[in-house]
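Dumped protein_33.txt below, it's compact mmCIF, C-alpha atoms and all ligand atoms:
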# COMPACT_ATOMS: atom_id res chain seq x y z
CA MET A 44 -167.66 123.35 -10.96
CA ALA A 45 -164.83 125.00 -9.14
CA ASN A 46 -164.75 128.62 -10.13
CA PHE A 47 -161.33 130.00 -10.92
CA LYS A 48 -159.70 132.02 -13.67
CA THR A 49 -157.32 130.39 -16.11
CA LEU A 50 -154.75 131.64 -18.60
CA ASP A 51 -157.68 132.02 -21.03
CA ASP A 52 -158.90 134.92 -18.90
CA LEU A 53 -155.64 136.84 -19.24
CA GLY A 54 -155.67 139.68 -21.72
CA ASP A 55 -152.54 140.94 -23.42
CA VAL A 56 -149.65 139.98 -21.14
CA SER A 57 -146.84 141.20 -23.35
CA GLY A 58 -144.17 142.81 -21.18
CA LYS A 59 -146.12 142.01 -18.00
CA ARG A 60 -144.40 140.19 -15.15
CA ALA A 61 -145.98 136.82 -14.28
CA LEU A 62 -145.22 135.38 -10.83
CA VAL A 63 -145.80 131.68 -11.38
CA ARG A 64 -145.86 129.25 -8.44
CA VAL A 65 -144.62 125.89 -9.70
CA ASP A 66 -143.35 122.65 -8.16
CA LEU A 67 -139.60 122.31 -8.78
CA ASN A 68 -139.04 120.11 -5.75
CA VAL A 69 -137.33 117.35 -7.74
CA PRO A 70 -135.24 114.49 -6.37
CA MET A 71 -131.48 114.94 -6.85
CA ALA A 72 -128.44 112.66 -6.59
CA ASP A 73 -124.83 113.73 -7.06
CA GLY A 74 -125.91 117.16 -8.26
CA SER A 75 -128.24 115.84 -10.98
CA VAL A 76 -132.00 115.73 -11.19
CA THR A 77 -133.01 112.05 -11.06
CA ASP A 78 -136.67 112.48 -12.04
CA ASP A 79 -137.77 115.51 -14.06
CA THR A 80 -141.52 114.74 -14.08
CA ARG A 81 -142.28 117.86 -12.04
CA LEU A 82 -140.16 120.06 -14.30
CA ARG A 83 -141.97 118.79 -17.39
CA ALA A 84 -145.34 119.39 -15.73
CA THR A 85 -144.68 123.16 -15.75
CA LEU A 86 -144.01 123.37 -19.49
CA PRO A 87 -147.50 124.10 -20.83
CA THR A 88 -147.90 127.13 -18.55
CA VAL A 89 -144.37 128.47 -18.78
CA THR A 90 -144.11 128.04 -22.55
CA GLU A 91 -147.50 129.64 -23.13
CA LEU A 92 -146.76 132.67 -20.95
CA ALA A 93 -143.30 133.17 -22.47
CA ASP A 94 -144.69 132.82 -26.00
CA ARG A 95 -147.34 135.40 -25.16
CA GLY A 96 -144.53 137.80 -24.22
CA ALA A 97 -144.78 137.76 -20.45
CA ILE A 98 -141.70 137.99 -18.24
CA VAL A 99 -141.97 134.66 -16.45
CA LEU A 100 -140.76 134.53 -12.83
CA LEU A 101 -140.92 131.08 -11.26
CA LEU A 102 -141.53 130.75 -7.53
CA ALA A 103 -140.98 127.40 -5.83
CA HIS A 104 -139.73 125.71 -2.69
CA PHE A 105 -136.91 123.18 -2.66
CA GLY A 106 -136.41 120.84 0.28
CA ARG A 107 -136.99 121.94 3.85
CA PRO A 108 -134.54 124.74 4.69
CA LYS A 109 -136.85 125.94 7.50
CA GLY A 110 -136.34 129.65 6.88
CA GLN A 111 -132.53 129.42 6.55
CA GLN A 112 -130.42 130.22 3.48
CA ARG A 113 -129.02 126.81 2.60
CA PRO A 114 -126.71 126.62 -0.44
CA ASP A 115 -127.49 122.90 -0.73
CA MET A 116 -131.18 123.78 -1.12
CA SER A 117 -130.77 126.60 -3.61
CA LEU A 118 -132.83 126.40 -6.78
CA SER A 119 -129.66 127.40 -8.64
CA LEU A 120 -128.97 123.64 -8.51
CA VAL A 121 -132.07 123.01 -10.65
CA THR A 122 -131.80 125.94 -13.07
CA ARG A 123 -129.60 124.27 -15.69
CA ALA A 124 -131.73 121.09 -15.75
CA TYR A 125 -134.84 123.23 -16.02
CA GLY A 126 -133.38 125.11 -18.99
CA GLY A 127 -132.69 121.76 -20.65
CA VAL A 128 -136.26 120.60 -20.17
CA LEU A 129 -137.71 123.94 -21.29
CA GLY A 130 -135.40 124.18 -24.27
CA ARG A 131 -134.67 127.87 -23.72
CA PRO A 132 -132.31 129.86 -21.53
CA VAL A 133 -133.41 130.23 -17.92
CA ARG A 134 -132.02 132.90 -15.62
CA PHE A 135 -131.51 132.50 -11.91
CA VAL A 136 -132.41 135.28 -9.47
CA GLU A 137 -130.89 134.99 -6.01
CA ASP A 138 -133.96 135.91 -3.99
CA CYS A 139 -137.74 135.70 -4.39
CA GLN A 140 -138.20 139.21 -2.96
CA GLY A 141 -136.30 142.39 -2.19
CA GLU A 142 -134.34 145.11 -3.96
CA GLY A 143 -131.76 142.77 -5.55
CA ALA A 144 -134.50 140.66 -7.06
CA LYS A 145 -136.35 143.74 -8.29
CA ALA A 146 -133.21 145.03 -10.00
CA ALA A 147 -132.59 141.66 -11.66
CA VAL A 148 -136.18 141.40 -12.91
CA ALA A 149 -135.97 144.94 -14.29
CA THR A 150 -133.29 143.80 -16.75
CA MET A 151 -135.53 141.05 -18.20
CA SER A 152 -137.29 141.24 -21.57
CA PRO A 153 -140.67 139.89 -22.76
CA GLY A 154 -140.46 136.10 -23.16
CA ASP A 155 -137.61 135.71 -20.66
CA VAL A 156 -137.87 133.04 -17.96
CA ALA A 157 -136.20 133.13 -14.53
CA ILE A 158 -136.20 130.92 -11.46
CA LEU A 159 -136.28 132.89 -8.20
CA ASP A 160 -134.55 131.23 -5.29
CA ASN A 161 -136.27 128.96 -2.74
CA THR A 162 -139.32 130.62 -1.16
CA ARG A 163 -138.64 128.63 2.02
CA PHE A 164 -135.37 130.51 2.60
CA HIS A 165 -137.72 133.02 4.24
CA PRO A 166 -139.41 132.06 7.52
CA GLY A 167 -142.48 134.01 6.36
CA GLU A 168 -143.19 131.49 3.57
CA GLU A 169 -144.50 128.68 5.74
CA LYS A 170 -146.10 131.18 8.17
CA ASN A 171 -147.97 132.77 5.27
CA ASP A 172 -146.61 136.11 6.46
CA PRO A 173 -148.44 138.94 4.66
CA ALA A 174 -145.23 141.02 4.64
CA LEU A 175 -143.39 138.35 2.64
CA ALA A 176 -146.33 137.90 0.28
CA ALA A 177 -146.41 141.69 -0.26
CA ALA A 178 -142.66 141.76 -0.96
CA MET A 179 -143.02 138.96 -3.53
CA ALA A 180 -146.07 140.65 -5.05
CA GLU A 181 -143.93 143.73 -5.83
CA LEU A 182 -142.03 141.66 -8.38
CA GLY A 183 -145.06 140.77 -10.50
CA ASP A 184 -148.10 142.17 -12.26
CA PHE A 185 -150.16 139.00 -11.92
CA TYR A 186 -149.97 135.60 -10.18
CA VAL A 187 -150.39 132.11 -11.60
CA ASN A 188 -150.58 129.04 -9.39
CA ASP A 189 -149.56 125.88 -11.24
CA ALA A 190 -148.52 123.81 -8.21
CA PHE A 191 -151.50 121.68 -7.16
CA SER A 192 -149.08 119.50 -5.19
CA ALA A 193 -148.40 122.45 -2.84
CA ALA A 194 -152.01 123.68 -2.71
CA HIS A 195 -152.79 121.90 0.57
CA ARG A 196 -150.42 124.32 2.32
CA ALA A 197 -151.41 127.90 3.14
CA HIS A 198 -148.03 129.47 2.47
CA ALA A 199 -147.14 132.96 1.24
CA SER A 200 -146.35 131.75 -2.29
CA THR A 201 -149.29 129.32 -2.51
CA GLU A 202 -152.04 131.26 -0.75
CA GLY A 203 -151.09 134.76 0.41
CA LEU A 204 -150.01 135.99 -3.02
CA ALA A 205 -153.35 135.06 -4.58
CA HIS A 206 -155.02 137.78 -2.52
CA LEU A 207 -152.56 140.49 -3.53
CA LEU A 208 -152.39 140.13 -7.33
CA PRO A 209 -154.87 139.12 -10.02
CA ALA A 210 -154.69 135.31 -9.68
CA TYR A 211 -155.05 132.53 -12.24
CA ALA A 212 -154.76 128.75 -12.33
CA GLY A 213 -151.97 127.51 -14.60
CA ARG A 214 -152.58 124.78 -17.15
CA ALA A 215 -151.44 121.88 -14.94
CA MET A 216 -153.53 123.18 -12.02
CA GLU A 217 -156.51 123.61 -14.33
CA LYS A 218 -156.16 120.06 -15.66
CA GLU A 219 -155.85 118.59 -12.17
CA LEU A 220 -158.83 120.50 -10.77
CA THR A 221 -160.98 119.61 -13.77
CA ALA A 222 -160.12 115.90 -13.40
CA LEU A 223 -160.74 115.88 -9.66
CA GLU A 224 -164.05 117.66 -10.10
CA ALA A 225 -165.11 115.04 -12.67
CA ALA A 226 -164.12 112.25 -10.28
CA LEU A 227 -165.66 113.32 -6.98
CA GLY A 228 -167.04 116.86 -7.22
CA ASN A 229 -169.76 116.29 -9.76
CA PRO A 230 -169.18 112.79 -11.14
CA GLU A 231 -171.23 110.70 -13.50
CA ARG A 232 -172.78 107.83 -11.54
CA PRO A 233 -172.35 105.10 -10.50
CA VAL A 234 -169.01 105.98 -8.91
CA ALA A 235 -166.56 103.37 -7.62
CA ALA A 236 -163.62 104.06 -5.34
CA VAL A 237 -160.72 101.69 -4.86
CA VAL A 238 -158.88 102.24 -1.60
CA GLY A 239 -155.90 100.07 -0.82
CA GLY A 240 -152.48 100.38 0.71
CA ALA A 241 -150.95 99.27 3.92
CA LYS A 242 -152.93 100.74 6.78
CA VAL A 243 -156.43 101.93 7.64
CA SER A 244 -154.99 104.44 10.12
CA THR A 245 -153.39 106.56 7.36
CA LYS A 246 -156.61 106.73 5.36
CA LEU A 247 -159.43 106.99 7.89
CA ASP A 248 -160.55 110.40 6.65
CA VAL A 249 -160.37 109.21 3.04
CA LEU A 250 -162.65 106.26 3.82
CA LYS A 251 -165.09 108.40 5.82
CA ASN A 252 -165.37 110.94 3.01
CA LEU A 253 -165.74 108.33 0.28
CA VAL A 254 -168.55 106.30 1.86
CA ALA A 255 -170.71 109.41 1.70
CA LYS A 256 -169.89 110.10 -1.94
CA VAL A 257 -169.47 106.88 -3.90
CA ASP A 258 -171.76 103.99 -4.83
CA HIS A 259 -169.12 101.25 -4.54
CA LEU A 260 -166.20 101.23 -2.13
CA ILE A 261 -163.64 98.57 -3.02
CA ILE A 262 -161.26 97.94 -0.14
CA GLY A 263 -158.03 96.05 -0.73
CA GLY A 264 -154.45 95.96 0.48
CA GLY A 265 -153.44 95.62 4.10
CA MET A 266 -156.37 97.77 5.13
CA ALA A 267 -158.86 95.15 3.93
CA ASN A 268 -157.45 92.84 6.62
CA THR A 269 -158.51 95.27 9.33
CA PHE A 270 -162.06 95.30 7.95
CA LEU A 271 -162.13 91.51 7.58
CA ALA A 272 -160.88 91.07 11.15
CA ALA A 273 -163.50 93.53 12.40
CA ARG A 274 -166.12 91.28 10.79
CA GLY A 275 -164.73 88.28 12.68
CA VAL A 276 -162.46 86.78 10.01
CA ASP A 277 -159.21 85.25 11.30
CA VAL A 278 -156.53 86.94 9.19
CA GLY A 279 -153.63 84.97 10.67
CA LYS A 280 -150.30 86.81 10.60
CA SER A 281 -151.53 89.45 8.12
CA LEU A 282 -150.76 93.11 8.53
CA CYS A 283 -153.82 94.20 10.52
CA GLU A 284 -154.72 97.04 12.86
CA HIS A 285 -156.81 95.12 15.38
CA ASP A 286 -157.19 98.22 17.57
CA LEU A 287 -159.18 99.87 14.78
CA LYS A 288 -161.94 97.25 14.87
CA ASP A 289 -164.60 99.68 16.12
CA THR A 290 -163.58 102.36 13.63
CA ALA A 291 -163.78 99.85 10.79
CA LEU A 292 -167.27 98.79 11.90
CA GLU A 293 -168.37 102.43 12.10
CA ILE A 294 -167.18 103.01 8.54
CA LEU A 295 -169.08 99.92 7.34
CA ASP A 296 -172.16 101.21 9.16
CA ALA A 297 -171.86 104.66 7.63
CA ALA A 298 -171.52 103.05 4.20
CA ASP A 299 -174.71 101.08 4.80
CA ARG A 300 -176.61 104.20 5.75
CA ALA A 301 -175.32 106.04 2.68
CA ASN A 302 -176.25 103.18 0.31
CA CYS A 303 -172.60 102.64 -0.51
CA THR A 304 -171.77 98.99 -1.27
CA VAL A 305 -168.50 97.95 0.34
CA HIS A 306 -166.54 95.24 -1.45
CA LEU A 307 -164.10 93.23 0.65
CA PRO A 308 -162.15 90.35 -0.91
CA TYR A 309 -163.67 86.89 -0.50
CA ASP A 310 -160.65 85.06 -1.84
CA VAL A 311 -157.07 86.06 -1.12
CA VAL A 312 -153.47 85.18 -1.97
CA VAL A 313 -151.54 84.10 1.13
CA ALA A 314 -148.04 82.96 2.11
CA LYS A 315 -146.21 81.98 5.28
CA GLU A 316 -143.28 84.27 4.47
CA PHE A 317 -143.14 87.63 2.75
CA ALA A 318 -140.81 86.99 -0.18
CA ALA A 319 -140.95 86.82 -3.97
CA ASN A 320 -142.74 83.67 -5.19
CA PRO A 321 -142.50 81.89 -1.81
CA PRO A 322 -142.99 78.09 -1.71
CA SER A 323 -145.92 78.49 0.69
CA LEU A 324 -147.87 80.61 -1.81
CA ARG A 325 -151.55 79.70 -2.21
CA THR A 326 -154.97 81.15 -2.95
CA CYS A 327 -157.85 80.51 -0.58
CA ASN A 328 -161.18 81.74 0.72
CA VAL A 329 -160.81 84.48 3.38
CA HIS A 330 -162.25 82.07 5.95
CA GLU A 331 -159.47 79.55 5.32
CA VAL A 332 -156.40 81.63 6.17
CA ALA A 333 -154.17 79.62 8.54
CA SER A 334 -152.82 81.18 11.73
CA ASP A 335 -149.26 81.21 10.31
CA GLU A 336 -150.23 82.74 6.94
CA MET A 337 -150.54 86.32 5.81
CA ILE A 338 -152.80 87.87 3.19
CA LEU A 339 -150.66 89.63 0.57
CA ASP A 340 -153.05 90.15 -2.32
CA VAL A 341 -156.70 90.03 -3.35
CA GLY A 342 -157.63 86.71 -4.98
CA PRO A 343 -158.54 86.08 -8.65
CA ALA A 344 -162.25 85.37 -8.08
CA ALA A 345 -162.70 88.64 -6.22
CA ILE A 346 -160.84 90.53 -8.93
CA GLU A 347 -163.13 89.07 -11.58
CA ALA A 348 -166.16 90.19 -9.60
CA LEU A 349 -164.64 93.66 -9.12
CA ALA A 350 -164.03 93.95 -12.85
CA ASP A 351 -167.77 93.32 -13.32
CA VAL A 352 -168.51 96.10 -10.81
CA LEU A 353 -166.31 98.53 -12.74
CA LYS A 354 -168.14 97.62 -15.95
CA THR A 355 -171.35 98.99 -14.40
CA CYS A 356 -169.69 102.24 -13.26
CA ARG A 357 -169.10 105.54 -15.06
CA THR A 358 -166.46 106.96 -12.72
CA LEU A 359 -163.56 105.48 -10.77
CA VAL A 360 -161.26 107.07 -8.21
CA TRP A 361 -158.33 104.96 -7.03
CA ASN A 362 -155.85 105.35 -4.20
CA GLY A 363 -153.70 102.55 -2.86
CA PRO A 364 -152.53 99.21 -4.31
CA LEU A 365 -154.64 96.09 -3.69
CA GLY A 366 -151.68 93.99 -2.61
CA ALA A 367 -147.98 94.11 -1.76
CA PHE A 368 -147.37 94.89 -5.43
CA GLU A 369 -143.60 95.47 -5.15
CA THR A 370 -143.09 91.73 -4.59
CA PRO A 371 -144.27 89.22 -7.23
CA PRO A 372 -146.78 87.69 -7.56
CA PHE A 373 -148.58 90.00 -5.11
CA ASP A 374 -148.96 92.59 -7.86
CA CYS A 375 -151.50 90.43 -9.76
CA ALA A 376 -154.74 91.89 -8.42
CA THR A 377 -153.58 95.50 -8.75
CA VAL A 378 -152.27 94.95 -12.28
CA GLN A 379 -155.36 93.10 -13.42
CA LEU A 380 -157.91 95.56 -12.05
CA ALA A 381 -155.83 98.51 -13.31
CA ARG A 382 -155.84 96.98 -16.80
CA THR A 383 -159.60 96.53 -16.65
CA ALA A 384 -160.03 100.16 -15.61
CA ALA A 385 -157.68 101.31 -18.37
CA ALA A 386 -159.56 99.27 -21.01
CA LEU A 387 -162.93 100.66 -19.87
CA THR A 388 -161.49 104.17 -19.97
CA LYS A 389 -160.21 103.64 -23.52
CA GLU A 390 -163.65 102.38 -24.56
CA GLY A 391 -165.07 105.62 -23.22
CA SER A 392 -167.31 104.02 -20.59
CA LEU A 393 -165.30 105.07 -17.53
CA VAL A 394 -163.69 108.26 -16.21
CA SER A 395 -160.72 107.04 -14.16
CA VAL A 396 -158.70 109.19 -11.78
CA ALA A 397 -155.91 107.84 -9.57
CA GLY A 398 -153.31 109.25 -7.21
CA GLY A 399 -150.89 108.44 -4.39
CA GLY A 400 -147.15 107.76 -4.47
CA ASP A 401 -147.35 103.96 -4.49
CA THR A 402 -150.48 103.98 -6.62
CA VAL A 403 -148.68 105.88 -9.39
CA ALA A 404 -145.79 103.41 -9.15
CA ALA A 405 -148.23 100.49 -9.33
CA LEU A 406 -150.04 101.89 -12.38
CA ASN A 407 -146.71 102.49 -14.11
CA HIS A 408 -145.73 98.92 -13.24
CA ALA A 409 -149.00 97.75 -14.82
CA GLY A 410 -148.18 99.87 -17.87
CA VAL A 411 -151.52 101.69 -17.82
CA ALA A 412 -150.85 105.09 -16.24
CA ASP A 413 -151.25 106.81 -19.62
CA ASP A 414 -154.58 105.09 -20.25
CA PHE A 415 -156.26 106.46 -17.12
CA THR A 416 -158.20 109.70 -17.60
CA PHE A 417 -155.91 111.39 -15.09
CA VAL A 418 -153.16 110.28 -12.73
CA SER A 419 -152.23 112.75 -10.02
CA THR A 420 -148.65 112.89 -8.82
CA ALA A 421 -149.55 115.40 -6.12
CA GLY A 422 -149.21 113.08 -3.09
CA GLY A 423 -150.32 114.93 0.05
CA ALA A 424 -152.58 117.38 -1.78
CA PHE A 425 -154.30 114.52 -3.62
CA LEU A 426 -154.95 112.67 -0.36
CA GLU A 427 -156.35 115.79 1.34
CA TRP A 428 -158.63 116.24 -1.61
CA MET A 429 -159.74 112.57 -1.25
CA GLU A 430 -160.46 113.40 2.38
CA GLY A 431 -162.88 116.06 1.20
CA LYS A 432 -160.80 118.91 2.58
CA GLU A 433 -160.73 122.34 1.04
CA LEU A 434 -157.19 123.11 -0.19
CA PRO A 435 -156.13 126.65 0.77
CA GLY A 436 -154.21 127.25 -2.47
CA VAL A 437 -157.27 126.28 -4.52
CA LYS A 438 -159.70 128.21 -2.34
CA ALA A 439 -157.61 131.38 -2.73
CA LEU A 440 -157.82 131.02 -6.52
CA GLU A 441 -161.59 130.65 -6.32
CA GLN A 442 -161.89 133.84 -4.28
CA ALA A 443 -159.56 135.77 -6.52
P1 LIG A 501 -150.22 105.27 -1.70
O1 LIG A 501 -148.79 105.72 -1.59
O2 LIG A 501 -150.61 105.03 -3.14
O3 LIG A 501 -151.18 106.19 -1.00
P2 LIG A 501 -149.96 103.45 0.53
O4 LIG A 501 -148.68 104.11 0.89
O5 LIG A 501 -151.12 103.66 1.40
O6 LIG A 501 -150.36 103.84 -1.00
O7 LIG A 501 -149.77 101.88 0.46
C1 LIG A 501 -148.84 101.22 -0.34
C2 LIG A 501 -148.20 100.05 0.36
O8 LIG A 501 -149.17 99.12 0.83
C3 LIG A 501 -147.32 99.27 -0.59
O9 LIG A 501 -145.97 99.38 -0.14
C4 LIG A 501 -147.82 97.83 -0.50
O10 LIG A 501 -146.79 96.88 -0.46
C5 LIG A 501 -148.56 97.83 0.80
N1 LIG A 501 -149.56 96.75 0.87
C6 LIG A 501 -150.61 96.58 0.08
N2 LIG A 501 -151.28 95.45 0.40
C7 LIG A 501 -150.62 94.88 1.44
C8 LIG A 501 -150.81 93.70 2.22
N3 LIG A 501 -151.83 92.87 1.99
N4 LIG A 501 -149.92 93.46 3.21
C9 LIG A 501 -148.89 94.30 3.42
N5 LIG A 501 -148.66 95.43 2.73
C10 LIG A 501 -149.52 95.72 1.74
MG MG A 502 -147.34 105.48 0.00
For the file at hand, write its structure as structure tokens.
Amino acid sequence: MANFKTLDDLGDVSGKRALVRVDLNVPMADGSVTDDTRLRATLPTVTELADRGAIVLLLAHFGRPKGQQRPDMSLSLVTRAYGGVLGRPVRFVEDCQGEGAKAAVATMSPGDVAILDNTRFHPGEEKNDPALAAAMAELGDFYVNDAFSAAHRAHASTEGLAHLLPAYAGRAMEKELTALEAALGNPERPVAAVVGGAKVSTKLDVLKNLVAKVDHLIIGGGMANTFLAARGVDVGKSLCEHDLKDTALEILDAADRANCTVHLPYDVVVAKEFAANPPSLRTCNVHEVASDEMILDVGPAAIEALADVLKTCRTLVWNGPLGAFETPPFDCATVQLARTAAALTKEGSLVSVAGGGDTVAALNHAGVADDFTFVSTAGGAFLEWMEGKELPGVKALEQA
């Protein structure tokens, strides 16, 4: 089990200043926040610390200002929306370090919450400059990292600070790390992984890591075509990275050696044109794809067999849709297997963890995101974790 301190390890924090790294990098349109998922994710930590009487100072990046002060990337734009989500007043402090910030923080009382402006306004943030980390550390008595989604970056506010102040994982970070540990760190076996999505090339390291760790590797999406082609199947006009044939064969070989069963579709849904419900739509065996057809989803027989595989498993980790799920009916396989996984999770026979931008969208589309054990919205950090990489922000917490 990953070894890090949590808010449970904090003693009396009343009147103490908490520097809390969160993810406030929300999408905006016309000056309004269009999706407040990330804001809501901070609530357990921020509410708990404020209720325990800490002075809560939120550190976050916003956009990519590249070390410049950019009014259009100021977190002042998010402060009002954040206050609405939190349901209490939120102050805004114009810098995340320096004398002005210190003076502003000195006027705060126990239970107050403030957002400090964009850490990336300072070039030292992305360089993990110890001088910037030290200047930020002067504002706080302890550090909490609640931004798993930024933990794959070794920046001053995500990594450097953890070495300068007593450091703790926030509630969202704790939940994410516990779920990921249960899925791949020390999982109950057998473990199945579903890997789908468009291209093998974006997920080579994910596949290489997984074959060594899981009992069943279920490959779908466009990337299955590359594996099928490598095995000599004619995939017609399908999205396929033919130049990765050798790599695909190496991965299949490595799986064999590691006793990992790879599942490729044996029936598929094909069409001559990529459109919603096209007239040329049909289901066929993978060996019957015509030269002018493309594979756009895994077929129903394969999905039934995969559901049976999941029934024998105790743990599932899922990244990538099985088909071009944005366009009906090529969402069928993803929706059906996601519903099976959700039902098994509800029954208590499966621990299911999923992540990835399009994967989250697909699970929401299937209406089952809430029924999975855990769905990560962390994007890049989730993928790096699937690749088996050590995340600097997490490692720093473990050493703290
Ligand atoms: P994630 O964001 O969850 O990591 P990816 O970005 O790797 O997932 O892949 C998602 C994309 O893969 C979707 O846009 C989907 O339409 C596409 N895709 C899946 N299967 C196919 C296929 N057979 N042909 C073309 N595109 C596909
Ligand atoms: Mg994607």
Next on the checklist: Using all atoms listed in the file, which residues of the polymer chains come no farther than 9 Å from ligand LIG 501 (chain A)? I'd like the answer as number ranges by chain.
Outcome noted: A: 238-243, 245-246, 263-268, 281-283, 312-313, 317, 337-341, 361-370, 373-374, 397-405, 422-423, 426
Item to check | Among the residues A:Ala193, A:Ala421, A:Val65, A:Ala210, the one that comes closest to ligand MG 502 (chain A) [using all atoms listed in the file] | outcome: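 Checking each of A:Ala193, A:Ala421, A:Val65, A:Ala210 against ligand MG 502 (chain A), counting all atoms listed in the file, the winner is A:Ala421.
The coordinates place CA of Lys280 (chain A) at 22.2 Å from CA of Ala344 (chain A).
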Item to check | Given all atoms listed in the file as the counted atoms, nearest of A:Leu86, A:Leu440, A:Leu250, A:Ala93 to Ala215 (chain A) | outcome: A:Leu86
Item to check | For ligand MG 502 (chain A), the nearest of the candidates A:Thr420, A:Thr326, A:Thr80, A:Asn46, counting all atoms listed in the file | outcome: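 Among the listed residues, the smallest separation from ligand MG 502 (chain A) belongs to A:Thr420.
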Checklist entry - At a cut-off of 6 Å from (-140.2, 134.6, -25.6) in the coordinates of the file, what residues are picked up using only C-alpha atoms, written as a list of chain:residue names? => result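 Taken together, the residues in range are A:Ala93, A:Asp94, A:Gly96, A:Gly154, A:Asp155.
Atom pair CA of Arg134 (chain A) / CA of Leu53 (chain A): separated by 24.2 Å.
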Checklist entry - Got a sec to check which residues sit within 12 Å of (-161.9, 115.6, -16.7), counting all atoms listed in the file, and write them as a ChimeraX atom specification? => result /A:44,217-231,358-359,388,393-396,415-418
Item to check | Residue with smallest distance to Leu182 (chain A) - pool A:Gly391, A:Gly203, A:Gly167, A:Gly143, counting all atoms listed in the file | outcome: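 Of A:Gly391, A:Gly203, A:Gly167, A:Gly143, the one nearest Leu182 (chain A), counting all atoms listed in the file, is A:Gly143.
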Checklist entry - From the set A:Ser192, A:Ala314, A:Phe425, A:Leu62, which residue has the shortest atom-to-atom contact distance to ligand MG 502 (chain A), counting all atoms listed in the file? => result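 Smallest distance to ligand MG 502 (chain A) is found for A:Phe425.
Residues in contact with Gly126 (chain A) at 12 Å, where only C-alpha atoms are counted and same-chain residues fewer than 4 positions away are skipped, are listed as Asp79, Leu82, Arg83, Thr85, Leu86, Val89, Thr90, Ser119, Leu120, Val121, Thr122, Gly130, Arg131, Pro132, Val133, Arg134, Phe135, Asp155, Val156, Ala157 and Ile158 of chain A.
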Please provide as an mmCIF file with C-alpha atoms, in the frame of the given file all residues within 9 Å of Leu204 (chain A), with the sequence filter that same-chain residues fewer than 3 positions apart are discarded (counting all atoms listed in the file).
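What ended up in part.cif:
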data_model
loop_
_atom_site.group_PDB
_atom_site.id
_atom_site.type_symbol
_atom_site.label_atom_id
_atom_site.label_comp_id
_atom_site.auth_asym_id
_atom_site.auth_seq_id
_atom_site.Cartn_x
_atom_site.Cartn_y
_atom_site.Cartn_z
ATOM 1 C CA PRO A 173 -148.440 138.940 4.660
ATOM 2 C CA ALA A 176 -146.330 137.900 0.280
ATOM 3 C CA ALA A 177 -146.410 141.690 -0.260
ATOM 4 C CA MET A 179 -143.020 138.960 -3.530
ATOM 5 C CA ALA A 180 -146.070 140.650 -5.050
ATOM 6 C CA TYR A 186 -149.970 135.600 -10.180
ATOM 7 C CA HIS A 198 -148.030 129.470 2.470
ATOM 8 C CA ALA A 199 -147.140 132.960 1.240
ATOM 9 C CA SER A 200 -146.350 131.750 -2.290
ATOM 10 C CA THR A 201 -149.290 129.320 -2.510
ATOM 11 C CA LEU A 207 -152.560 140.490 -3.530
ATOM 12 C CA LEU A 208 -152.390 140.130 -7.330
ATOM 13 C CA ALA A 210 -154.690 135.310 -9.680
ATOM 14 C CA ALA A 439 -157.610 131.380 -2.730
#
